[in-house]
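Peer 1: Provided below: my_file01.txt, containing compact mmCIF, C-alpha atoms and all ligand atoms.
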# COMPACT_ATOMS: atom_id res chain seq x y z
CA MET A 1 108.29 107.06 117.20
CA PRO A 2 107.23 107.44 113.60
CA ILE A 3 103.56 107.91 112.61
CA ALA A 4 102.03 104.46 113.25
CA ASN A 5 100.03 104.21 110.05
CA ALA A 6 102.67 105.67 107.72
CA PHE A 7 102.79 102.52 105.62
CA VAL A 8 104.50 103.81 102.47
CA GLU A 9 107.25 102.55 100.18
CA GLN A 10 110.80 102.63 101.47
CA ASN A 11 111.86 105.69 99.38
CA LEU A 12 108.83 107.67 100.60
CA GLN A 13 109.39 107.00 104.32
CA SER A 14 109.59 110.23 106.30
CA ASP A 15 112.24 111.03 108.91
CA TYR A 16 109.55 112.58 111.13
CA ARG A 17 109.66 111.29 114.70
CA PHE A 18 107.92 112.32 117.93
CA ASN A 19 108.37 111.37 121.58
CA LEU A 20 105.78 108.84 122.63
CA VAL A 21 105.45 109.69 126.32
CA ALA A 22 102.32 109.09 128.34
CA GLY A 23 101.25 110.84 131.54
CA TYR A 24 98.49 110.54 134.15
CA CYS A 25 96.68 113.53 135.65
CA PRO A 26 95.60 112.93 139.27
CA SER A 27 93.03 115.69 139.12
CA CYS A 28 91.02 114.75 135.98
CA HIS A 29 92.25 111.10 135.91
CA MET A 30 93.16 111.31 132.22
CA PHE A 31 95.92 109.08 130.89
CA GLN A 32 97.28 110.61 127.71
CA LEU A 33 100.19 111.28 125.39
CA LEU A 34 102.14 114.37 126.31
CA GLU A 35 103.22 115.13 122.76
CA GLN A 36 100.81 114.86 119.85
CA PRO A 37 101.70 115.01 116.18
CA ASN A 38 99.50 117.24 114.03
CA PRO A 39 96.33 115.27 113.12
CA ASP A 40 96.86 116.13 109.41
CA GLN A 41 99.89 113.88 109.47
CA MET A 42 97.75 110.95 110.55
CA PHE A 43 94.35 111.31 108.93
CA HIS A 44 94.55 112.18 105.27
CA GLU A 45 93.44 111.13 101.82
CA SER A 46 95.28 107.82 102.02
CA TYR A 47 94.56 106.54 105.52
CA PRO A 48 95.21 102.79 105.24
CA PHE A 49 92.77 101.31 107.81
CA PHE A 50 89.38 99.91 106.78
CA THR A 51 87.03 98.68 109.51
CA GLY A 52 85.11 96.34 107.22
CA LEU A 53 88.13 94.07 106.61
CA SER A 54 87.43 92.21 109.84
CA SER A 55 84.37 89.95 109.96
CA THR A 56 84.38 90.21 113.78
CA MET A 57 84.11 93.98 113.56
CA ARG A 58 81.35 93.81 110.95
CA ALA A 59 79.30 91.57 113.27
CA HIS A 60 80.16 93.76 116.27
CA PHE A 61 78.88 96.94 114.64
CA LYS A 62 75.69 95.27 113.43
CA GLU A 63 74.99 94.21 117.00
CA MET A 64 75.82 97.68 118.31
CA SER A 65 73.31 99.28 115.94
CA GLU A 66 70.63 96.81 117.06
CA ASP A 67 71.36 97.21 120.78
CA HIS A 68 71.34 101.01 120.80
CA ILE A 69 68.72 101.89 118.20
CA PRO A 70 65.45 100.34 119.34
CA ASP A 71 62.64 99.91 116.80
CA ALA A 72 60.72 102.81 118.35
CA VAL A 73 63.62 105.06 117.38
CA SER A 74 64.26 103.56 113.94
CA ARG A 75 60.56 103.70 112.97
CA ASN A 76 60.30 107.38 113.88
CA GLU A 77 60.82 109.27 110.62
CA GLU A 78 62.30 112.20 112.51
CA SER A 79 65.13 110.17 114.00
CA PHE A 80 68.54 111.22 112.81
CA ILE A 81 71.77 109.33 113.49
CA ILE A 82 75.33 110.66 113.29
CA GLU A 83 78.48 108.59 113.32
CA ILE A 84 81.78 110.36 113.85
CA GLY A 85 84.77 108.54 112.37
CA CYS A 86 82.53 106.51 110.10
CA ASN A 87 85.52 105.06 108.22
CA ASP A 88 84.27 102.84 105.34
CA GLY A 89 80.63 102.95 106.53
CA THR A 90 80.65 99.51 108.19
CA PHE A 91 78.46 100.69 111.10
CA LEU A 92 76.25 103.14 109.21
CA GLN A 93 75.40 100.56 106.59
CA ASN A 94 73.26 98.87 109.27
CA VAL A 95 71.52 102.19 110.01
CA MET A 96 70.98 102.79 106.31
CA ASP A 97 69.57 99.28 105.87
CA ARG A 98 66.91 100.17 108.46
CA GLY A 99 65.93 103.14 106.30
CA MET A 100 67.10 105.78 108.78
CA ASN A 101 68.38 109.28 108.07
CA HIS A 102 72.04 109.44 108.95
CA LEU A 103 75.33 111.21 108.44
CA GLY A 104 78.89 109.89 108.67
CA VAL A 105 81.81 112.25 109.34
CA ASP A 106 85.43 111.25 108.81
CA PRO A 107 88.58 113.27 108.09
CA SER A 108 90.05 110.71 105.67
CA LYS A 109 88.74 111.19 102.17
CA ASN A 110 89.61 107.73 100.88
CA VAL A 111 87.60 105.93 103.59
CA VAL A 112 84.66 108.32 103.11
CA GLU A 113 84.67 107.39 99.41
CA LYS A 114 84.36 103.72 100.40
CA ALA A 115 81.40 104.58 102.66
CA LYS A 116 79.72 106.51 99.86
CA GLU A 117 80.18 103.57 97.47
CA LYS A 118 78.00 101.59 99.91
CA GLY A 119 75.32 104.29 99.69
CA VAL A 120 76.13 105.77 103.11
CA ASN A 121 75.67 109.55 103.45
CA ALA A 122 79.06 110.84 104.59
CA ILE A 123 81.28 113.94 104.53
CA ASP A 124 85.04 114.21 104.89
CA GLU A 125 85.58 116.58 107.79
CA PHE A 126 87.48 116.47 111.07
CA TYR A 127 84.60 116.73 113.54
CA SER A 128 84.77 119.87 115.70
CA PHE A 129 82.46 122.51 117.16
CA GLU A 130 82.71 124.42 113.86
CA VAL A 131 81.73 121.32 111.88
CA SER A 132 78.87 120.60 114.33
CA LYS A 133 77.45 124.05 113.47
CA LYS A 134 77.65 123.29 109.75
CA ILE A 135 75.86 119.98 110.37
CA SER A 136 73.05 121.64 112.34
CA GLU A 137 72.43 124.07 109.48
CA ARG A 138 71.51 121.15 107.21
CA TYR A 139 70.32 118.39 109.53
CA PRO A 140 68.14 118.00 112.64
CA SER A 141 69.57 117.21 116.09
CA ALA A 142 70.66 113.60 116.45
CA ILE A 143 68.83 111.13 118.66
CA ARG A 144 71.99 109.02 118.68
CA ILE A 145 75.57 110.02 117.99
CA PHE A 146 78.00 107.12 117.67
CA ALA A 147 81.77 107.07 117.59
CA SER A 148 83.88 103.92 117.81
CA ASN A 149 87.62 104.08 118.31
CA VAL A 150 87.51 107.74 117.49
CA ILE A 151 87.51 110.03 120.50
CA CYS A 152 90.81 108.76 121.81
CA HIS A 153 92.19 110.14 118.53
CA ILE A 154 90.96 113.71 119.06
CA PRO A 155 93.55 116.07 120.58
CA ASP A 156 91.05 118.85 121.44
CA LEU A 157 88.46 116.90 123.41
CA HIS A 158 86.74 120.02 124.74
CA ASP A 159 86.05 121.42 121.30
CA PHE A 160 84.82 117.98 120.23
CA LEU A 161 82.39 117.74 123.16
CA ARG A 162 81.09 121.24 122.51
CA GLY A 163 80.18 119.87 119.08
CA ILE A 164 78.43 116.84 120.58
CA LYS A 165 76.50 119.04 122.99
CA HIS A 166 75.42 121.11 119.98
CA ASN A 167 74.32 118.20 117.73
CA LEU A 168 72.75 115.90 120.34
CA ALA A 169 68.95 115.99 120.69
CA LEU A 170 67.61 116.78 124.17
CA GLU A 171 66.68 113.15 124.87
CA GLY A 172 69.55 111.84 122.73
CA GLU A 173 72.45 109.52 123.62
CA PHE A 174 76.08 109.86 122.68
CA ILE A 175 77.50 106.33 122.50
CA PHE A 176 81.18 105.75 122.00
CA GLU A 177 83.65 102.95 122.59
CA GLU A 178 87.39 103.06 122.95
CA PRO A 179 90.26 100.83 124.09
CA TYR A 180 89.99 100.67 127.88
CA LEU A 181 92.74 101.91 130.17
CA LEU A 182 92.20 99.19 132.79
CA SER A 183 92.46 96.44 130.14
CA MET A 184 95.67 97.97 128.83
CA LEU A 185 97.24 98.09 132.30
CA LYS A 186 96.14 94.56 133.16
CA LYS A 187 97.25 93.03 129.85
CA ILE A 188 100.33 95.26 129.52
CA SER A 189 99.19 95.94 125.97
CA TYR A 190 101.48 98.94 125.56
CA ASP A 191 101.03 98.67 121.80
CA GLN A 192 97.71 100.49 122.22
CA LEU A 193 99.81 103.62 122.65
CA TYR A 194 100.73 105.35 119.40
CA ASP A 195 100.31 108.76 117.79
CA GLU A 196 96.62 108.29 116.96
CA HIS A 197 95.68 107.14 120.45
CA VAL A 198 96.10 110.36 122.35
CA TYR A 199 93.98 109.20 125.30
CA MET A 200 93.27 105.93 127.09
CA PHE A 201 89.96 106.47 128.82
CA SER A 202 88.49 105.08 132.01
CA LEU A 203 85.09 105.64 133.61
CA MET A 204 86.84 107.98 136.04
CA SER A 205 88.19 110.25 133.33
CA ILE A 206 85.04 110.16 131.19
CA GLN A 207 82.86 111.07 134.16
CA LYS A 208 85.00 114.14 134.84
CA LEU A 209 85.12 115.10 131.19
CA ALA A 210 81.36 114.75 130.77
CA GLU A 211 80.77 116.95 133.84
CA MET A 212 82.85 119.73 132.31
CA HIS A 213 80.42 119.83 129.37
CA ASN A 214 77.15 119.52 131.23
CA LEU A 215 76.83 115.92 130.12
CA VAL A 216 76.54 112.85 132.32
CA LEU A 217 77.87 109.30 132.11
CA ALA A 218 74.71 107.17 132.20
CA ASP A 219 76.10 103.72 131.44
CA ALA A 220 79.26 101.81 130.54
CA ILE A 221 79.42 98.40 128.87
CA PRO A 222 82.66 96.38 128.60
CA GLN A 223 83.55 95.12 125.09
CA GLU A 224 85.90 92.37 123.90
CA THR A 225 86.92 94.25 120.76
CA HIS A 226 90.39 95.69 120.22
CA GLY A 227 91.80 93.72 123.11
CA GLY A 228 89.42 95.16 125.72
CA SER A 229 87.32 98.25 125.10
CA MET A 230 84.66 100.17 126.99
CA ARG A 231 81.43 101.51 125.56
CA TYR A 232 80.25 104.73 127.25
CA VAL A 233 76.76 106.24 127.08
CA LEU A 234 76.54 110.00 127.69
CA LYS A 235 73.38 112.08 128.00
CA HIS A 236 72.59 115.73 128.62
CA ALA A 237 73.00 116.40 132.35
CA ASP A 238 69.62 118.11 132.60
CA GLN A 239 68.04 114.79 131.68
CA SER A 240 69.17 113.94 135.28
CA GLU A 241 70.36 110.42 134.52
CA LYS A 242 72.46 108.70 137.15
CA LEU A 243 75.21 106.18 136.41
CA SER A 244 73.79 102.64 136.06
CA GLN A 245 74.59 99.93 138.65
CA ARG A 246 76.82 98.27 136.02
CA GLY A 247 78.71 101.56 135.69
CA LEU A 248 79.06 101.93 139.46
CA ASP A 249 80.48 98.40 139.71
CA LEU A 250 83.01 99.14 136.97
CA LEU A 251 84.01 102.36 138.69
CA ASN A 252 84.62 100.41 141.91
CA GLU A 253 86.84 97.99 140.02
CA GLU A 254 88.90 100.92 138.74
CA ILE A 255 89.34 102.24 142.28
CA LYS A 256 90.23 98.76 143.58
CA PHE A 257 92.92 98.39 140.92
CA GLY A 258 94.31 101.83 141.75
CA LEU A 259 93.62 103.71 138.53
CA ASP A 260 93.78 106.87 140.63
CA LYS A 261 97.25 106.03 141.98
CA LEU A 262 100.47 107.03 140.27
CA ASP A 263 102.07 103.75 141.45
CA SER A 264 99.83 101.75 139.10
CA TYR A 265 101.26 103.61 136.12
CA GLN A 266 104.83 103.25 137.34
CA THR A 267 104.28 99.49 137.62
CA PHE A 268 102.88 99.49 134.07
CA ALA A 269 106.03 101.23 132.82
CA LEU A 270 108.23 98.54 134.45
CA ASN A 271 106.03 95.79 133.01
CA CYS A 272 106.44 97.27 129.51
CA GLU A 273 110.21 97.18 129.84
CA ASN A 274 110.07 93.52 130.93
CA ARG A 275 107.83 92.54 127.99
CA LYS A 276 110.20 94.31 125.63
CA ARG A 277 113.22 92.40 126.95
CA GLU A 278 111.35 89.08 126.77
CA LEU A 279 110.15 89.57 123.19
CA VAL A 280 113.56 90.62 121.90
CA ALA A 281 115.24 87.69 123.72
CA LEU A 282 112.79 85.21 122.16
CA LEU A 283 113.26 86.59 118.64
CA LYS A 284 117.06 86.59 119.04
CA LYS A 285 116.97 82.97 120.16
CA LEU A 286 114.92 81.98 117.10
CA LYS A 287 117.23 83.94 114.83
CA ASP A 288 120.27 82.18 116.31
CA GLY A 289 118.50 78.89 115.54
CA ASN A 290 118.15 80.01 111.87
CA LYS A 291 114.36 80.04 112.03
CA VAL A 292 112.32 82.07 109.56
CA VAL A 293 110.26 84.53 111.58
CA GLY A 294 107.56 86.74 110.07
CA GLY A 295 104.81 88.96 111.43
CA TYR A 296 101.09 88.57 110.80
CA ALA A 297 99.05 91.81 110.32
CA ALA A 298 100.70 95.19 109.85
CA THR A 299 98.68 96.88 112.58
CA SER A 300 99.10 100.40 113.90
CA LYS A 301 99.98 98.72 117.17
CA SER A 302 102.91 96.89 115.54
CA THR A 303 104.64 100.22 114.89
CA THR A 304 104.88 100.78 118.64
CA VAL A 305 106.10 97.25 119.32
CA LEU A 306 108.74 97.27 116.60
CA ASN A 307 110.10 100.75 117.35
CA TYR A 308 109.90 100.51 121.15
CA CYS A 309 111.62 97.11 121.12
CA GLY A 310 114.08 98.07 118.38
CA ILE A 311 113.07 95.12 116.19
CA GLY A 312 114.08 95.33 112.54
CA LYS A 313 114.41 93.11 109.47
CA ASP A 314 117.20 91.18 111.18
CA LEU A 315 114.67 89.68 113.63
CA ILE A 316 111.39 89.73 111.65
CA SER A 317 111.89 89.26 107.91
CA PHE A 318 108.45 90.42 106.72
CA ILE A 319 104.92 91.15 107.88
CA SER A 320 101.94 89.86 105.93
CA ASP A 321 98.67 91.76 105.73
CA SER A 322 95.33 91.71 103.92
CA THR A 323 95.11 95.47 103.19
CA PRO A 324 95.96 96.10 99.50
CA GLU A 325 97.14 99.65 100.39
CA LYS A 326 99.78 98.29 102.80
CA ILE A 327 101.18 95.52 100.60
CA GLY A 328 104.41 96.60 98.89
CA THR A 329 105.20 99.20 101.56
CA VAL A 330 107.51 98.93 104.56
CA ALA A 331 106.61 99.21 108.24
CA PRO A 332 107.20 102.74 109.63
CA GLY A 333 110.59 103.06 111.30
CA SER A 334 111.54 99.39 111.20
CA TYR A 335 111.37 99.16 107.37
CA ILE A 336 110.22 95.55 107.51
CA PRO A 337 108.58 94.75 104.15
CA ILE A 338 104.81 94.28 104.09
CA ILE A 339 103.69 91.44 101.86
CA SER A 340 100.41 89.67 101.13
CA HIS A 341 99.36 86.62 103.13
CA GLU A 342 99.66 84.58 99.92
CA ALA A 343 103.29 85.69 99.44
CA MET A 344 104.00 84.93 103.11
CA LYS A 345 102.86 81.33 102.61
CA THR A 346 105.40 80.79 99.83
CA LEU A 347 108.19 81.94 102.19
CA LYS A 348 107.37 79.08 104.57
CA PRO A 349 107.97 80.82 107.90
CA ASP A 350 108.60 78.74 111.03
CA TYR A 351 107.11 81.38 113.34
CA LEU A 352 104.63 84.23 112.96
CA VAL A 353 104.32 87.06 115.47
CA LEU A 354 100.61 87.83 115.76
CA PHE A 355 100.51 91.63 115.71
CA ALA A 356 96.69 91.63 115.50
CA TRP A 357 96.44 89.70 118.79
CA ASN A 358 93.05 91.36 119.29
CA HIS A 359 91.75 89.34 116.31
CA GLU A 360 93.37 86.06 117.46
CA LYS A 361 90.21 83.96 117.17
CA GLU A 362 89.29 85.23 113.69
CA ILE A 363 92.83 84.88 112.35
CA LEU A 364 93.64 81.45 113.82
CA ASN A 365 90.36 80.18 112.51
CA LYS A 366 91.07 81.56 109.03
CA GLU A 367 94.65 80.29 109.00
CA GLN A 368 94.16 76.77 110.36
CA ILE A 369 96.20 75.32 107.50
CA LEU A 370 99.27 77.29 108.59
CA THR A 371 98.97 75.91 112.10
CA LYS A 372 98.44 72.38 110.77
CA ASN A 373 101.56 72.81 108.64
CA GLY A 374 103.55 73.41 111.82
CA ILE A 375 103.87 77.21 111.89
CA LYS A 376 104.05 78.45 115.46
CA TRP A 377 102.32 81.65 116.51
CA ILE A 378 104.07 84.07 118.84
CA LYS A 379 102.16 86.41 121.12
CA PHE A 380 103.35 89.27 123.32
CA VAL A 381 100.06 90.19 125.06
CA PRO A 382 99.28 89.50 127.89
CA GLU A 383 102.68 87.75 128.04
CA VAL A 384 105.44 86.82 125.61
CA GLY A 385 105.22 83.23 124.41
CA PHE A 386 103.57 80.82 122.01
CA ILE A 387 99.88 80.40 121.30
CA HIS A 388 99.05 76.82 122.23
CA GLU A 389 95.35 76.93 121.44
CA GLN A 390 95.37 74.53 118.48
P1 LIG B 401 93.63 96.04 113.92
C1 LIG B 401 93.41 100.49 113.87
O1 LIG B 401 94.39 99.89 114.66
C2 LIG B 401 93.68 101.95 113.71
P2 LIG B 401 95.13 98.55 114.20
C3 LIG B 401 92.90 102.86 114.56
N1 LIG B 401 93.76 103.87 115.09
C4 LIG B 401 92.23 102.24 115.72
O2 LIG B 401 91.91 102.89 116.67
C5 LIG B 401 91.88 100.82 115.66
O3 LIG B 401 92.16 100.22 114.44
C6 LIG B 401 90.44 100.61 115.90
C7 LIG B 401 95.17 93.24 109.25
N2 LIG B 401 94.39 92.01 109.34
O4 LIG B 401 92.19 95.90 113.60
C8 LIG B 401 94.47 94.29 108.41
C9 LIG B 401 94.74 90.93 108.53
O5 LIG B 401 95.71 90.99 107.77
O6 LIG B 401 94.14 95.31 115.09
C10 LIG B 401 94.95 95.59 109.02
O7 LIG B 401 96.15 96.03 108.40
N3 LIG B 401 93.98 89.81 108.60
C11 LIG B 401 91.82 103.47 113.75
O8 LIG B 401 95.76 98.75 112.87
C12 LIG B 401 95.27 95.24 110.46
O9 LIG B 401 95.32 93.83 110.55
C13 LIG B 401 92.89 89.70 109.42
O10 LIG B 401 92.23 88.66 109.45
O11 LIG B 401 96.04 98.17 115.31
C14 LIG B 401 94.17 95.81 111.37
O12 LIG B 401 94.51 95.55 112.67
C15 LIG B 401 92.54 90.81 110.25
C16 LIG B 401 91.37 90.73 111.18
C17 LIG B 401 93.33 91.96 110.19
O13 LIG B 401 93.86 97.59 114.05
As structure tokens, how would this structure be written, given the file I've shared?
Ligand code: JHZ

Peer 2:
Amino acid sequence: MPIANAFVEQNLQSDYRFNLVAGYCPSCHMFQLLEQPNPDQMFHESYPFFTGLSSTMRAHFKEMSEDHIPDAVSRNEESFIIEIGCNDGTFLQNVMDRGMNHLGVDPSKNVVEKAKEKGVNAIDEFYSFEVSKKISERYPSAIRIFASNVICHIPDLHDFLRGIKHNLALEGEFIFEEPYLLSMLKKISYDQLYDEHVYMFSLMSIQKLAEMHNLVLADAIPQETHGGSMRYVLKHADQSEKLSQRGLDLLNEEIKFGLDKLDSYQTFALNCENRKRELVALLKKLKDGNKVVGGYAATSKSTTVLNYCGIGKDLISFISDSTPEKIGTVAPGSYIPIISHEAMKTLKPDYLVLFAWNHEKEILNKEQILTKNGIKWIKFVPEVGFIHEQ
């Protein structure tokens, strides 16, 4: 596989490839990639993903800040909030608007610049134990540390958690959300696996991981975002919190499904192969019928789909996207051109593969005209077929 977010022009495309292989550990219950590219190759000064481009995500993060920072905390002048992987400051803007002291940390300079333009206090660093020490020299301990779609990206989880342990106030909460392993297995959304997503967490694995760092899983809250995520709340173990009833119920569901059984992962692997065959067969059929097929949204996930299924320009002529930084580039590995949504409309496609299936509602709502004009949307999660919602 190439680097999923390496959206650059054709002549700048790198030959770098790595083996995308996932494994499950029966002892710590972690599901993870076995080979990880160097993080510098993924998170750099031109990282092309901006959280704030999705209105759903903007609303989601506003709600998250309200749900987890009660007024008693926000009114306390001593409260300090950290967000790791703050990206363009979409979440921290809400914290800033409530007048709270905060700090965003993100390894990609270009996104940190966007956060700073909004007035958010942010530094470009790859969060680690070393960085946590630098933070504590300048700032107080944090009553809340947030991280959304971040920790699954961190190869050295133990070093990361040592940092959290160091920066988190005694009565503080570390709240993070990530794509959820059980959702991925149920939906066969194999496109969640790419270089940046080193881990797919479950309550089982997070409980074990927390224990290793003298932390405790206090709560877990399912989320609709990114095709099925889980929000975890960790506290210091000596605060003697027990897992909430909601958490216990979720844990039981994981056991019932067999998240601790190797068989479940072998079934997932077979399901992935079936989805791949079905998607390629559908695209070939449309091609044979001389249909114009494009893709909608040049997601990180699409890099896995296109390269795993071996889909190139012959089957999908272009992918349209709203990110200015991606327009004019080609998709990593498949070299399918990325164009603007406006340009896509002039090409009058018959079919559009919805690569941002996790934003289906937002996109179909925004693009009603396309649907009215007869364009058919293709999905591949949870099964391959057409979206008939209209
Ligand atoms: P979206 C990214 O994954 C990368 P991606 C990262 N690794 C991660 O973990 C998750 O996000 C959280 C386009 N788009 O959100 C814009 C439209 O064109 O599924 C983006 O290029 N129109 C950090 O890339 C892409 O989709 C729209 O209306 O898989 C983002 O896709 C919308 C909503 C998106 O994330």

Peer 1: Excluding Glu137 (chain A) and residues on its chain fewer than 5 positions from it, collect all residues at most 12 Å away from it, counting all atoms listed in the file, and give them as a list in words.

Peer 2: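 Contacts, in chain order: Glu130, Val131, Ser132, His166 and Asn167 of chain A.
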
Peer 1: Determine, counting only C-alpha atoms, which protein, DNA and RNA residues have an atom within 9 Å of an atom of Glu196 (chain A); residues of the same chain fewer than 3 positions away are not included. Present the result as a list in words.

Peer 2: Ile3, Ala4, Asn5, Gln36, Pro37, Pro39, Met42, Phe43, Cys152, His153, Ile154, Leu193, Tyr199 and Ser300 of chain A

Peer 1: Got a sec to check which residues lie within 9 Å of ligand LIG 401 (chain B), using all atoms listed in the file, and send them as a VMD selection string?

Peer 2: chain A and resid 4 to 5 48 to 51 53 to 57 85 87 148 to 150 152 to 153 178 to 179 191 to 192 194 to 197 225 to 227 296 to 303 320 to 326 340 to 341 355 to 360 362 to 364 366 to 367

Peer 1: Restricting the calculation to all atoms listed in the file: of A:Arg138, A:Lys62, A:Lys285, A:Arg144, which residue gets closest to Lys235 (chain A)?

Peer 2: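 Nearest candidate to Lys235 (chain A) out of A:Arg138, A:Lys62, A:Lys285, A:Arg144: A:Arg144.
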
Peer 1: Which residues are near Gly23 (chain A)? Cut-off 12 Å, all atoms listed in the file, ignore same chain within fewer than 6 positions. Put them as a list in words.

Peer 2: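 Listing them by chain and then by number gives His29, Met30, Phe31, Gln32, Leu33, Leu34, Glu35, Leu193, Val198, Tyr199, Met200, Leu262, Ser264, Tyr265, Gln266, Phe268 and Ala269 of chain A.
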
Peer 1: Which is closer to Ile164 (chain A) than all the others in A:Ile84, A:Gln239, A:Asp106, A:Ser189, using all atoms listed in the file?

Peer 2: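 Looking at the shortest contact to Ile164 (chain A), the residue is A:Ile84.
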
Peer 1: Here is a test: counting all atoms listed in the file, which residue of A:Phe386, A:Lys133, A:Tyr308, A:Ile339 is nearest to Lys276 (chain A)?

Peer 2: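 Of A:Phe386, A:Lys133, A:Tyr308, A:Ile339, the one nearest Lys276 (chain A) is A:Tyr308, counting all atoms listed in the file.
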
Peer 1: Counting only C-alpha atoms, what is within 7 Å of Ile145 (chain A), bar same-chain residues fewer than 4 positions away, as a ChimeraX atom specification?

Peer 2: /A:81-83,168,173-175

Peer 1: I'd like the contact shell of Asp314 (chain A) - 10 Å cut-off, only C-alpha atoms, skipping same-chain residues fewer than 4 positions apart - returned as a PyMOL selection string.

Peer 2: chain A and resi 283-284+287+293+318+334+336

Peer 1: For Asp260 (chain A), which residue among A:Asn307, A:Thr90, A:Ser317, A:Ser27 is the nearest when counting all atoms listed in the file?

Peer 2: A:Ser27

Peer 1: Rank A:Ser229, A:Ser46, A:Ser244, A:Ser136 by their smallest atom-to-atom distance to Val216 (chain A), using all atoms listed in the file, and report the top residue only.

Peer 2: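 Going through A:Ser229, A:Ser46, A:Ser244, A:Ser136 one by one, the smallest distance to Val216 (chain A) is for A:Ser244.
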
Peer 1: Fix up region 207-221 of chain A with N, CA and C atoms, then write it as a PDB file, keeping the file's coordinate frame.

Peer 2:
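Below is the file result_28.pdb, written as the result:
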ATOM      1  N   GLN A 207      83.836 110.407 133.286  1.00  0.00           N
ATOM      2  CA  GLN A 207      82.860 111.070 134.160  1.00  0.00           C
ATOM      3  C   GLN A 207      83.234 112.540 134.375  1.00  0.00           C
ATOM      4  N   LYS A 208      84.513 112.766 134.618  1.00  0.00           N
ATOM      5  CA  LYS A 208      85.000 114.140 134.840  1.00  0.00           C
ATOM      6  C   LYS A 208      84.809 114.983 133.582  1.00  0.00           C
ATOM      7  N   LEU A 209      85.190 114.385 132.467  1.00  0.00           N
ATOM      8  CA  LEU A 209      85.120 115.100 131.190  1.00  0.00           C
ATOM      9  C   LEU A 209      83.674 115.470 130.863  1.00  0.00           C
ATOM     10  N   ALA A 210      82.778 114.514 131.064  1.00  0.00           N
ATOM     11  CA  ALA A 210      81.360 114.750 130.770  1.00  0.00           C
ATOM     12  C   ALA A 210      80.848 115.921 131.620  1.00  0.00           C
ATOM     13  N   GLU A 211      81.197 115.877 132.908  1.00  0.00           N
ATOM     14  CA  GLU A 211      80.770 116.950 133.840  1.00  0.00           C
ATOM     15  C   GLU A 211      81.148 118.329 133.325  1.00  0.00           C
ATOM     16  N   MET A 212      82.359 118.426 132.769  1.00  0.00           N
ATOM     17  CA  MET A 212      82.850 119.730 132.310  1.00  0.00           C
ATOM     18  C   MET A 212      81.994 120.282 131.180  1.00  0.00           C
ATOM     19  N   HIS A 213      81.204 119.387 130.533  1.00  0.00           N
ATOM     20  CA  HIS A 213      80.420 119.830 129.370  1.00  0.00           C
ATOM     21  C   HIS A 213      78.926 119.677 129.620  1.00  0.00           C
ATOM     22  N   ASN A 214      78.570 119.621 130.895  1.00  0.00           N
ATOM     23  CA  ASN A 214      77.150 119.520 131.230  1.00  0.00           C
ATOM     24  C   ASN A 214      76.514 118.278 130.601  1.00  0.00           C
ATOM     25  N   LEU A 215      77.319 117.231 130.562  1.00  0.00           N
ATOM     26  CA  LEU A 215      76.830 115.920 130.120  1.00  0.00           C
ATOM     27  C   LEU A 215      76.988 114.979 131.307  1.00  0.00           C
ATOM     28  N   VAL A 216      76.410 113.773 131.198  1.00  0.00           N
ATOM     29  CA  VAL A 216      76.540 112.850 132.320  1.00  0.00           C
ATOM     30  C   VAL A 216      76.774 111.436 131.786  1.00  0.00           C
ATOM     31  N   LEU A 217      77.647 110.698 132.475  1.00  0.00           N
ATOM     32  CA  LEU A 217      77.870 109.300 132.110  1.00  0.00           C
ATOM     33  C   LEU A 217      76.712 108.482 132.662  1.00  0.00           C
ATOM     34  N   ALA A 218      75.913 107.888 131.757  1.00  0.00           N
ATOM     35  CA  ALA A 218      74.710 107.170 132.200  1.00  0.00           C
ATOM     36  C   ALA A 218      74.956 105.668 132.283  1.00  0.00           C
ATOM     37  N   ASP A 219      75.857 105.163 131.437  1.00  0.00           N
ATOM     38  CA  ASP A 219      76.100 103.720 131.440  1.00  0.00           C
ATOM     39  C   ASP A 219      77.480 103.440 130.843  1.00  0.00           C
ATOM     40  N   ALA A 220      78.003 102.257 131.146  1.00  0.00           N
ATOM     41  CA  ALA A 220      79.260 101.810 130.540  1.00  0.00           C
ATOM     42  C   ALA A 220      79.153 100.294 130.371  1.00  0.00           C
ATOM     43  N   ILE A 221      79.598  99.818 129.201  1.00  0.00           N
ATOM     44  CA  ILE A 221      79.420  98.400 128.870  1.00  0.00           C
ATOM     45  C   ILE A 221      80.753  97.852 128.335  1.00  0.00           C
TER      46      ILE A 221
END
